[in-house]
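Raw target.cif, mmCIF, C-alpha atoms:
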```cif
data_coords
#
loop_
_atom_site.label_atom_id
_atom_site.label_comp_id
_atom_site.auth_asym_id
_atom_site.auth_seq_id
_atom_site.Cartn_x
_atom_site.Cartn_y
_atom_site.Cartn_z
CA MET J 1 0.00 0.00 0.00
CA GLU J 2 1.25 3.46 -0.92
CA HIS J 3 0.88 5.95 1.94
CA THR J 4 -2.80 6.73 1.47
CA ASP J 5 -2.82 9.47 4.08
CA ARG J 6 -0.39 11.46 1.93
CA VAL J 7 -2.45 10.69 -1.16
CA ASN J 8 -5.62 11.95 0.50
CA HIS J 9 -3.75 15.01 1.72
CA TRP J 10 -2.72 15.74 -1.87
CA PHE J 11 -6.35 15.52 -2.99
CA CYS J 12 -7.22 18.20 -0.43
CA ARG J 13 -4.82 20.71 -2.01
CA TYR J 14 -4.50 22.30 -5.42
CA PRO J 15 -4.55 20.82 -8.08
CA GLY J 16 -5.68 17.57 -6.44
CA SER J 17 -8.86 19.18 -5.14
CA VAL J 18 -9.84 20.25 -8.67
CA LEU J 19 -9.22 16.75 -9.97
CA LEU J 20 -11.22 15.14 -7.16
CA GLU J 21 -14.13 17.49 -7.87
CA GLN J 22 -14.19 16.36 -11.50
CA GLU J 23 -14.00 12.72 -10.51
CA ARG J 24 -16.83 13.03 -8.00
CA SER J 25 -19.07 14.76 -10.54
CA CYS J 26 -18.45 11.97 -13.04
CA LEU J 27 -18.99 9.23 -10.45
CA GLU J 28 -22.25 10.74 -9.27
CA ALA J 29 -23.53 10.74 -12.86
CA VAL J 30 -22.41 7.13 -13.39
CA SER J 31 -23.84 5.89 -10.08
CA HIS J 32 -27.40 6.82 -11.08
CA ARG J 33 -27.20 4.09 -13.71
CA CYS J 34 -26.46 1.49 -11.03
CA PHE J 35 -28.95 -0.37 -8.90
CA GLY J 36 -29.04 -3.15 -6.32
CA TYR J 37 -28.25 -3.53 -2.61
CA TYR J 38 -24.54 -2.94 -1.97
CA LEU J 39 -21.91 -0.59 -3.31
CA LEU J 40 -18.37 -1.56 -2.30
CA GLN J 41 -15.65 1.11 -2.30
CA VAL J 42 -12.26 -0.61 -2.34
CA GLY J 43 -9.65 1.60 -0.63
CA SER J 44 -10.02 4.93 1.12
CA ILE J 45 -8.41 7.22 -1.48
CA GLY J 46 -10.60 10.27 -1.99
CA GLY J 47 -12.51 9.52 1.19
CA GLU J 48 -16.20 8.78 1.23
CA VAL J 49 -17.54 10.33 -1.94
CA PRO J 50 -20.95 11.98 -1.30
CA GLY J 51 -23.76 11.22 -3.70
CA LEU J 52 -22.49 7.77 -4.66
CA VAL J 53 -25.39 5.91 -3.06
CA PRO J 54 -28.50 6.87 -5.03
CA SER J 55 -31.97 5.56 -4.24
CA ARG J 56 -31.33 2.46 -6.38
CA LEU J 57 -28.50 1.32 -4.08
CA ARG J 58 -29.42 0.74 -0.44
CA SER J 59 -26.07 0.92 1.30
CA ARG J 60 -22.30 1.28 0.83
CA ILE J 61 -19.35 -0.57 2.33
CA MET J 62 -15.75 0.66 2.32
CA VAL J 63 -12.87 -1.82 2.69
CA ALA J 64 -9.41 -0.40 3.40
CA PRO J 65 -6.35 -1.56 5.36
CA GLU J 66 -6.20 1.74 7.21
CA GLY J 67 -8.87 2.63 9.72
CA PRO J 68 -11.16 5.68 9.42
CA ALA J 69 -10.16 8.96 11.02
CA THR J 70 -13.55 9.03 12.74
CA ALA J 71 -16.12 6.35 13.48
CA SER J 72 -17.90 5.53 10.24
CA PRO J 73 -20.63 2.93 9.62
CA GLY J 74 -19.96 0.49 6.84
CA TRP J 75 -16.16 0.69 7.16
CA ILE J 76 -14.35 -2.68 7.19
CA ARG J 77 -10.62 -3.06 7.73
CA GLY J 78 -9.12 -5.32 5.07
CA ARG J 79 -6.73 -5.53 2.16
CA PRO J 80 -7.97 -4.80 -1.38
CA ASP J 81 -6.24 -7.93 -2.69
CA GLN J 82 -7.87 -10.06 0.05
CA LEU J 83 -11.35 -8.64 0.46
CA PRO J 84 -13.21 -9.85 3.57
CA ILE J 85 -16.43 -9.96 1.56
CA ALA J 86 -18.53 -12.98 0.60
CA SER J 87 -18.44 -14.10 -3.02
CA ASP J 88 -21.25 -12.98 -5.35
CA SER J 89 -22.62 -10.46 -2.85
CA VAL J 90 -21.82 -6.97 -4.21
CA ASP J 91 -23.74 -5.12 -6.91
CA VAL J 92 -21.30 -2.28 -7.67
CA ALA J 93 -17.57 -1.96 -6.88
CA LEU J 94 -15.74 1.38 -6.96
CA LEU J 95 -11.96 1.57 -7.30
CA LEU J 96 -10.98 5.24 -6.94
CA HIS J 97 -7.24 5.21 -7.77
CA THR J 98 -7.06 1.93 -5.89
CA LEU J 99 -5.02 0.23 -8.59
CA ASP J 100 -2.62 3.21 -8.70
CA PHE J 101 -1.57 3.12 -5.05
CA TYR J 102 -2.39 -0.23 -3.43
CA GLN J 103 -0.40 -3.46 -3.75
CA ASP J 104 -1.07 -6.09 -6.42
CA PRO J 105 -3.61 -4.39 -8.71
CA HIS J 106 -4.20 -7.53 -10.76
CA GLN J 107 -5.10 -9.59 -7.68
CA THR J 108 -7.35 -6.76 -6.54
CA LEU J 109 -9.31 -7.04 -9.76
CA ARG J 110 -9.61 -10.80 -9.25
CA GLU J 111 -11.05 -10.17 -5.80
CA VAL J 112 -13.51 -7.65 -7.24
CA ASP J 113 -14.55 -10.24 -9.81
CA ARG J 114 -15.10 -12.76 -7.00
CA VAL J 115 -17.32 -10.57 -4.83
CA LEU J 116 -19.42 -9.10 -7.64
CA ILE J 117 -22.72 -10.73 -8.54
CA PRO J 118 -23.32 -11.76 -12.15
CA GLU J 119 -24.05 -8.63 -14.19
CA GLY J 120 -22.51 -6.56 -11.38
CA ARG J 121 -20.57 -3.41 -12.25
CA VAL J 122 -17.08 -2.18 -11.50
CA ILE J 123 -16.08 1.48 -11.82
CA ILE J 124 -12.35 2.19 -12.03
CA VAL J 125 -10.67 5.60 -11.81
CA GLY J 126 -6.99 5.82 -12.66
CA PHE J 127 -4.22 8.13 -13.83
CA ASN J 128 -3.38 8.03 -17.53
CA PRO J 129 0.37 7.64 -18.23
CA TRP J 130 -0.10 9.00 -21.77
CA SER J 131 -0.99 12.53 -20.74
CA LEU J 132 0.51 15.74 -19.39
CA TRP J 133 0.15 14.20 -15.94
CA GLY J 134 2.03 11.11 -17.07
CA LEU J 135 4.72 13.30 -18.62
CA ARG J 136 5.14 15.09 -15.31
CA ARG J 137 5.50 11.73 -13.58
CA LEU J 138 8.12 10.65 -16.14
CA PHE J 139 10.38 13.54 -15.18
CA ARG J 140 9.86 12.75 -11.50
CA SER J 141 10.04 8.97 -11.77
CA ARG J 142 12.38 8.66 -8.79
CA SER J 143 10.31 10.95 -6.60
CA SER J 144 8.52 9.53 -3.59
CA ARG J 145 6.01 12.37 -3.63
CA VAL J 146 2.41 11.62 -4.47
CA PRO J 147 0.76 11.24 -6.86
CA TRP J 148 3.89 10.76 -8.99
CA SER J 149 4.89 7.70 -6.97
CA GLY J 150 1.78 5.88 -8.20
CA ARG J 151 1.69 3.28 -10.97
CA PHE J 152 -0.28 5.18 -13.65
CA ILE J 153 -1.66 2.06 -15.39
CA SER J 154 -2.84 2.70 -18.94
CA ILE J 155 -6.50 2.30 -19.79
CA HIS J 156 -5.63 -0.30 -22.44
CA ARG J 157 -4.01 -2.53 -19.83
CA ILE J 158 -7.01 -2.12 -17.53
CA GLN J 159 -9.29 -3.11 -20.38
CA ASP J 160 -7.14 -6.17 -21.14
CA TRP J 161 -7.23 -7.28 -17.50
CA LEU J 162 -11.00 -6.84 -17.33
CA SER J 163 -11.49 -8.71 -20.59
CA LEU J 164 -9.46 -11.66 -19.32
CA LEU J 165 -11.67 -11.80 -16.22
CA GLY J 166 -14.82 -11.86 -18.34
CA PHE J 167 -15.88 -8.23 -17.96
CA GLU J 168 -17.43 -6.25 -20.77
CA ILE J 169 -16.41 -2.60 -21.05
CA GLU J 170 -19.58 -0.54 -21.14
CA SER J 171 -18.37 3.09 -21.00
CA THR J 172 -15.23 5.17 -20.56
CA TRP J 173 -14.89 8.86 -19.65
CA PRO J 174 -11.80 11.08 -20.02
CA LEU J 175 -11.18 13.69 -17.30
CA MET J 176 -8.72 16.53 -16.64
CA PHE J 177 -6.92 17.84 -19.73
CA ARG J 178 -5.17 20.69 -17.94
CA PRO J 179 -1.58 20.15 -16.75
CA PRO J 180 -0.98 19.62 -13.02
CA LEU J 181 -0.25 23.23 -12.05
CA ARG J 182 -0.41 24.57 -8.51
CA GLN J 183 -1.26 28.10 -9.64
CA ARG J 184 -5.01 28.52 -9.41
CA VAL J 185 -5.06 31.45 -11.87
CA LEU J 186 -3.29 29.46 -14.58
CA MET J 187 -5.55 26.46 -14.07
CA GLU J 188 -8.62 28.65 -14.44
CA ARG J 189 -7.26 30.23 -17.62
CA LEU J 190 -6.65 26.80 -19.12
CA ASP J 191 -10.22 25.67 -18.50
CA LEU J 192 -10.79 25.80 -22.27
CA LEU J 193 -8.66 22.67 -22.57
CA GLU J 194 -11.35 20.67 -20.79
CA ARG J 195 -13.93 21.21 -23.50
CA SER J 196 -11.59 20.95 -26.47
CA GLY J 197 -9.75 17.94 -25.03
CA LYS J 198 -12.87 15.80 -24.68
CA ARG J 199 -13.66 16.47 -28.31
CA TRP J 200 -10.28 16.36 -30.05
CA TRP J 201 -7.84 14.32 -27.92
CA PRO J 202 -9.76 12.23 -25.35
CA ALA J 203 -6.98 9.60 -25.26
CA PHE J 204 -4.62 12.11 -23.60
CA SER J 205 -6.73 12.95 -20.56
CA GLY J 206 -4.98 13.03 -17.21
CA VAL J 207 -7.50 10.61 -15.67
CA TYR J 208 -9.87 7.99 -17.04
CA VAL J 209 -13.04 6.41 -15.67
CA VAL J 210 -13.95 2.90 -16.83
CA GLU J 211 -17.28 1.18 -16.24
CA ALA J 212 -17.46 -2.56 -16.91
CA VAL J 213 -20.06 -5.28 -16.38
CA LYS J 214 -19.33 -8.79 -15.12
CA ARG J 215 -20.62 -11.22 -17.70
CA VAL J 216 -21.21 -14.84 -16.74
CA SER J 217 -21.72 -17.32 -19.53
CA THR J 218 -24.24 -20.08 -18.84
CA LEU J 219 -24.02 -23.46 -20.49
CA THR J 220 -27.27 -24.61 -22.10
CA PRO J 221 -27.38 -28.41 -22.37
CA ILE J 222 -28.18 -29.62 -25.86
CA LYS J 223 -29.94 -32.95 -26.15
CA PRO J 224 -28.22 -35.35 -28.51
CA SER J 225 -30.02 -36.02 -31.74
CA TRP J 226 -30.14 -39.80 -32.14
CA LYS J 227 -30.42 -40.82 -35.77
CA LEU J 228 -29.92 -44.12 -37.53
CA ARG J 229 -27.02 -44.11 -39.86
CA LYS J 230 -27.92 -43.98 -43.51
CA PRO J 231 -27.42 -47.23 -45.41
CA ILE J 232 -24.46 -47.45 -47.68
CA LEU J 233 -26.68 -48.16 -50.63
CA GLY J 234 -29.54 -45.73 -51.01
CA GLY J 235 -33.07 -46.82 -51.89
CA ARG J 236 -34.65 -50.23 -51.44
CA ALA J 237 -32.63 -53.38 -51.51
CA ILE J 238 -32.78 -55.22 -54.86
CA GLU J 239 -34.91 -58.33 -54.54
CA PRO J 240 -33.77 -61.53 -56.33
CA THR J 241 -35.58 -62.38 -59.54
#
```

Can you give me the file's structure in the form of structure tokens?
Amino acid sequence: MEHTDRVNHWFCRYPGSVLLEQERSCLEAVSHRCFGYYLLQVGSIGGEVPGLVPSRLRSRIMVAPEGPATASPGWIRGRPDQLPIASDSVDVALLLHTLDFYQDPHQTLREVDRVLIPEGRVIIVGFNPWSLWGLRRLFRSRSSRVPWSGRFISIHRIQDWLSLLGFEIESTWPLMFRPPLRQRVLMERLDLLERSGKRWWPAFSGVYVVEAVKRVSTLTPIKPSWKLRKPILGGRAIEPT
């Protein structure tokens, strides 16, 4: 696990706070398409996101190895790659930069696949390495400062992992086309990049959101069709004269 307290502290400051605001707005819009009983948030990055439990979802559970700062209902201490959740019991799973900063992202996805019900949904938010944010990380590859110490897994690799697990990608959303600047004035002046980026270069967004559905194939038994083999000689047998 990367030091999540430092990650959450970064999201409370500029430009992390701007990014988190965009992510929450996108997640709130996506969550209204989800329904069922339980929403599982894997990891505590970003904190408890308000508005993620619409009327179609009855409750939310958060699993994280670190405990909450204050008493919080629905918080379970556990590792993302070893979820203390029963199999086939969760309707929606949210991974908010979980794969970027927690250990063993591939095993974490396997655990999410295990706990999701058939036709359940997983929503993944991650940093895009092929962006201005990824370029900044490249120049600070040896830095231990967050978020540049994260993995920055490409969306294509995430899609490959989900496909191998039997998920079907339903939607993707690009977020944050402005560079990671600490100057609020410059960030506000570059707001035009948000609109033009979504239209002209969505693949180079700083962050992506992926929504996928767990597909479970069912085997339909086919009854064997018993037929007598055709005779070698067609027609009636020739009677003796």

Query raised in the report: Can you tell me, as a PyMOL selection string, which residues sit within 10 Å of (-5.2, 7.3, 7.7) in the file's frame, using all atoms listed in the file?
Result: chain J and resi 3-9+44-45+64-70

Query raised in the report: Using all atoms listed in the file, which residues sit within 8 Å of Thr98 of chain J once same-chain residues fewer than 4 positions away are excluded, as number ranges by chain?
Result: J: 42-43, 45, 102, 105, 125-126

Those same residues - C-alpha atoms - I'd like them written as a short mmCIF file (atom, residue, chain, number, x, y, z; two decimals), keeping the file's coordinate frame.
```cif
data_model
loop_
_atom_site.label_atom_id
_atom_site.label_comp_id
_atom_site.auth_asym_id
_atom_site.auth_seq_id
_atom_site.Cartn_x
_atom_site.Cartn_y
_atom_site.Cartn_z
CA VAL J 42 -12.26 -0.61 -2.34
CA GLY J 43 -9.65 1.60 -0.63
CA ILE J 45 -8.41 7.22 -1.48
CA TYR J 102 -2.39 -0.23 -3.43
CA PRO J 105 -3.61 -4.39 -8.71
CA VAL J 125 -10.67 5.60 -11.81
CA GLY J 126 -6.99 5.82 -12.66
#
```

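Rounded to one decimal, atom CA of Gly46 of chain J and atom CA of Glu170 of chain J lie 23.8 Å from each other.
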
Query raised in the report: Looking at J:Arg195, J:His97, J:Arg189, J:Arg182, which one is nearest to Val207 of chain J, with distances taken over only C-alpha atoms?
Result: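 Among the listed residues, J:His97 lies closest to Val207 of chain J.
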
Report task. Using only C-alpha atoms, find the one residue out of J:Pro118, J:Gly36, J:Gly16, J:Gly47 that sits nearest to Gly206 of chain J. Result ->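 Among J:Pro118, J:Gly36, J:Gly16, J:Gly47, it is J:Gly16 that comes nearest to Gly206 of chain J.
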
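The interatomic distance for the pair atom CA of Ile76 of chain J and atom CA of Ala29 of chain J works out to 25.8 Å.
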
Requested in this report: Would you list the contacts of segment 153-157 of chain J as a ChimeraX atom specification, taking every protein, DNA or RNA residue within 7 Å and counting all atoms listed in the file, but skipping same-chain residues closer than 4 positions in sequence?
Outcome: /J:100,127-129,161

Query raised in the report: Could you state the separation of atom CA of Lys198 of chain J and atom CA of Ile169 of chain J in Å, given to one decimal place?
Result: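 Between atom CA of Lys198 of chain J and atom CA of Ile169 of chain J the gap works out to 19.1 Å.
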
Report task. Go through J:Tyr208, J:Trp75, J:Phe11, J:Phe35 one by one, measure the shortest atom-to-atom distance of each to Trp130 of chain J using only C-alpha atoms, and give the residue with the smallest value. Result ->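 Looking only at the distances to Trp130 of chain J, the closest residue turns out to be J:Tyr208.
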
Query raised in the report: With only C-alpha atoms as the basis for distance, which of J:Phe152, J:Trp201, J:Trp173, J:Tyr37 is at the shortest distance from Arg137 of chain J?
Result: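 Closest to Arg137 of chain J of all the choices is J:Phe152.
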
Report task. Taking the file above as input, evaluate the PyMOL selection byres ((chain J and resi 14) around 9) and report the hits as a PyMOL selection string. Result -> chain J and resi 10-13+15-19+180-184

Query - Exercise: residues within 6 Å of coordinate (-16.4, 2.3, -11.7), counting only C-alpha atoms, as a PyMOL selection string - result: chain J and resi 94+122-124+210-211

Would you compute, for all listed atoms of segment 80-99 of chain J, the axis-aligned bounding box grown by 8 Å on each side, and then report its centre and edge lengths in Å rounded to one decimal, as AutoDock Vina command-line options?
```
--center_x -14.4 --center_y -4.4 --center_z -2.5 --size_x 34.7 --size_y 35.3 --size_z 28.2
```

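Here the PyMOL selection byres ((chain J and resi 38) around 8) matches the residues Gly36, Tyr37, Leu39, Leu40, Leu57, Arg58, Ser59, Arg60, Ile61, Ser89, Val90, Asp91 and Val92 of chain J.
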
Write the residues of the selection above to a file with C-alpha atoms, as a PDB file, in the frame of the given file.
```
ATOM      1  CA  GLY J  36     -29.040  -3.150  -6.320  1.00  0.00           C
ATOM      2  CA  TYR J  37     -28.250  -3.530  -2.610  1.00  0.00           C
ATOM      3  CA  LEU J  39     -21.910  -0.590  -3.310  1.00  0.00           C
ATOM      4  CA  LEU J  40     -18.370  -1.560  -2.300  1.00  0.00           C
ATOM      5  CA  LEU J  57     -28.500   1.320  -4.080  1.00  0.00           C
ATOM      6  CA  ARG J  58     -29.420   0.740  -0.440  1.00  0.00           C
ATOM      7  CA  SER J  59     -26.070   0.920   1.300  1.00  0.00           C
ATOM      8  CA  ARG J  60     -22.300   1.280   0.830  1.00  0.00           C
ATOM      9  CA  ILE J  61     -19.350  -0.570   2.330  1.00  0.00           C
ATOM     10  CA  SER J  89     -22.620 -10.460  -2.850  1.00  0.00           C
ATOM     11  CA  VAL J  90     -21.820  -6.970  -4.210  1.00  0.00           C
ATOM     12  CA  ASP J  91     -23.740  -5.120  -6.910  1.00  0.00           C
ATOM     13  CA  VAL J  92     -21.300  -2.280  -7.670  1.00  0.00           C
TER      14      VAL J  92
END
```

Query raised in the report: Looking at J:Gly120, J:Gly74, J:Pro80, J:Pro202, which one is nearest to Arg33 of chain J, with distances taken over all atoms listed in the file?
Result: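 Checking each of J:Gly120, J:Gly74, J:Pro80, J:Pro202 against Arg33 of chain J, counting all atoms listed in the file, the winner is J:Gly120.
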
Would you pull segment 105-123 of chain J out of the block just shown and save C-alpha atoms as a PDB file, in the first residue's frame?
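Dumped everything to decode08.pdb:
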```pdb
ATOM      1  CA  PRO J 105      -3.607  -4.388  -8.706  1.00  0.00           C
ATOM      2  CA  HIS J 106      -4.203  -7.534 -10.761  1.00  0.00           C
ATOM      3  CA  GLN J 107      -5.101  -9.594  -7.679  1.00  0.00           C
ATOM      4  CA  THR J 108      -7.348  -6.760  -6.536  1.00  0.00           C
ATOM      5  CA  LEU J 109      -9.314  -7.042  -9.764  1.00  0.00           C
ATOM      6  CA  ARG J 110      -9.609 -10.796  -9.246  1.00  0.00           C
ATOM      7  CA  GLU J 111     -11.049 -10.167  -5.795  1.00  0.00           C
ATOM      8  CA  VAL J 112     -13.512  -7.651  -7.235  1.00  0.00           C
ATOM      9  CA  ASP J 113     -14.549 -10.244  -9.810  1.00  0.00           C
ATOM     10  CA  ARG J 114     -15.100 -12.760  -6.996  1.00  0.00           C
ATOM     11  CA  VAL J 115     -17.318 -10.567  -4.826  1.00  0.00           C
ATOM     12  CA  LEU J 116     -19.421  -9.098  -7.640  1.00  0.00           C
ATOM     13  CA  ILE J 117     -22.717 -10.728  -8.536  1.00  0.00           C
ATOM     14  CA  PRO J 118     -23.323 -11.765 -12.149  1.00  0.00           C
ATOM     15  CA  GLU J 119     -24.051  -8.628 -14.193  1.00  0.00           C
ATOM     16  CA  GLY J 120     -22.513  -6.558 -11.379  1.00  0.00           C
ATOM     17  CA  ARG J 121     -20.567  -3.409 -12.249  1.00  0.00           C
ATOM     18  CA  VAL J 122     -17.077  -2.181 -11.501  1.00  0.00           C
ATOM     19  CA  ILE J 123     -16.083   1.484 -11.821  1.00  0.00           C
TER      20      ILE J 123
END
```
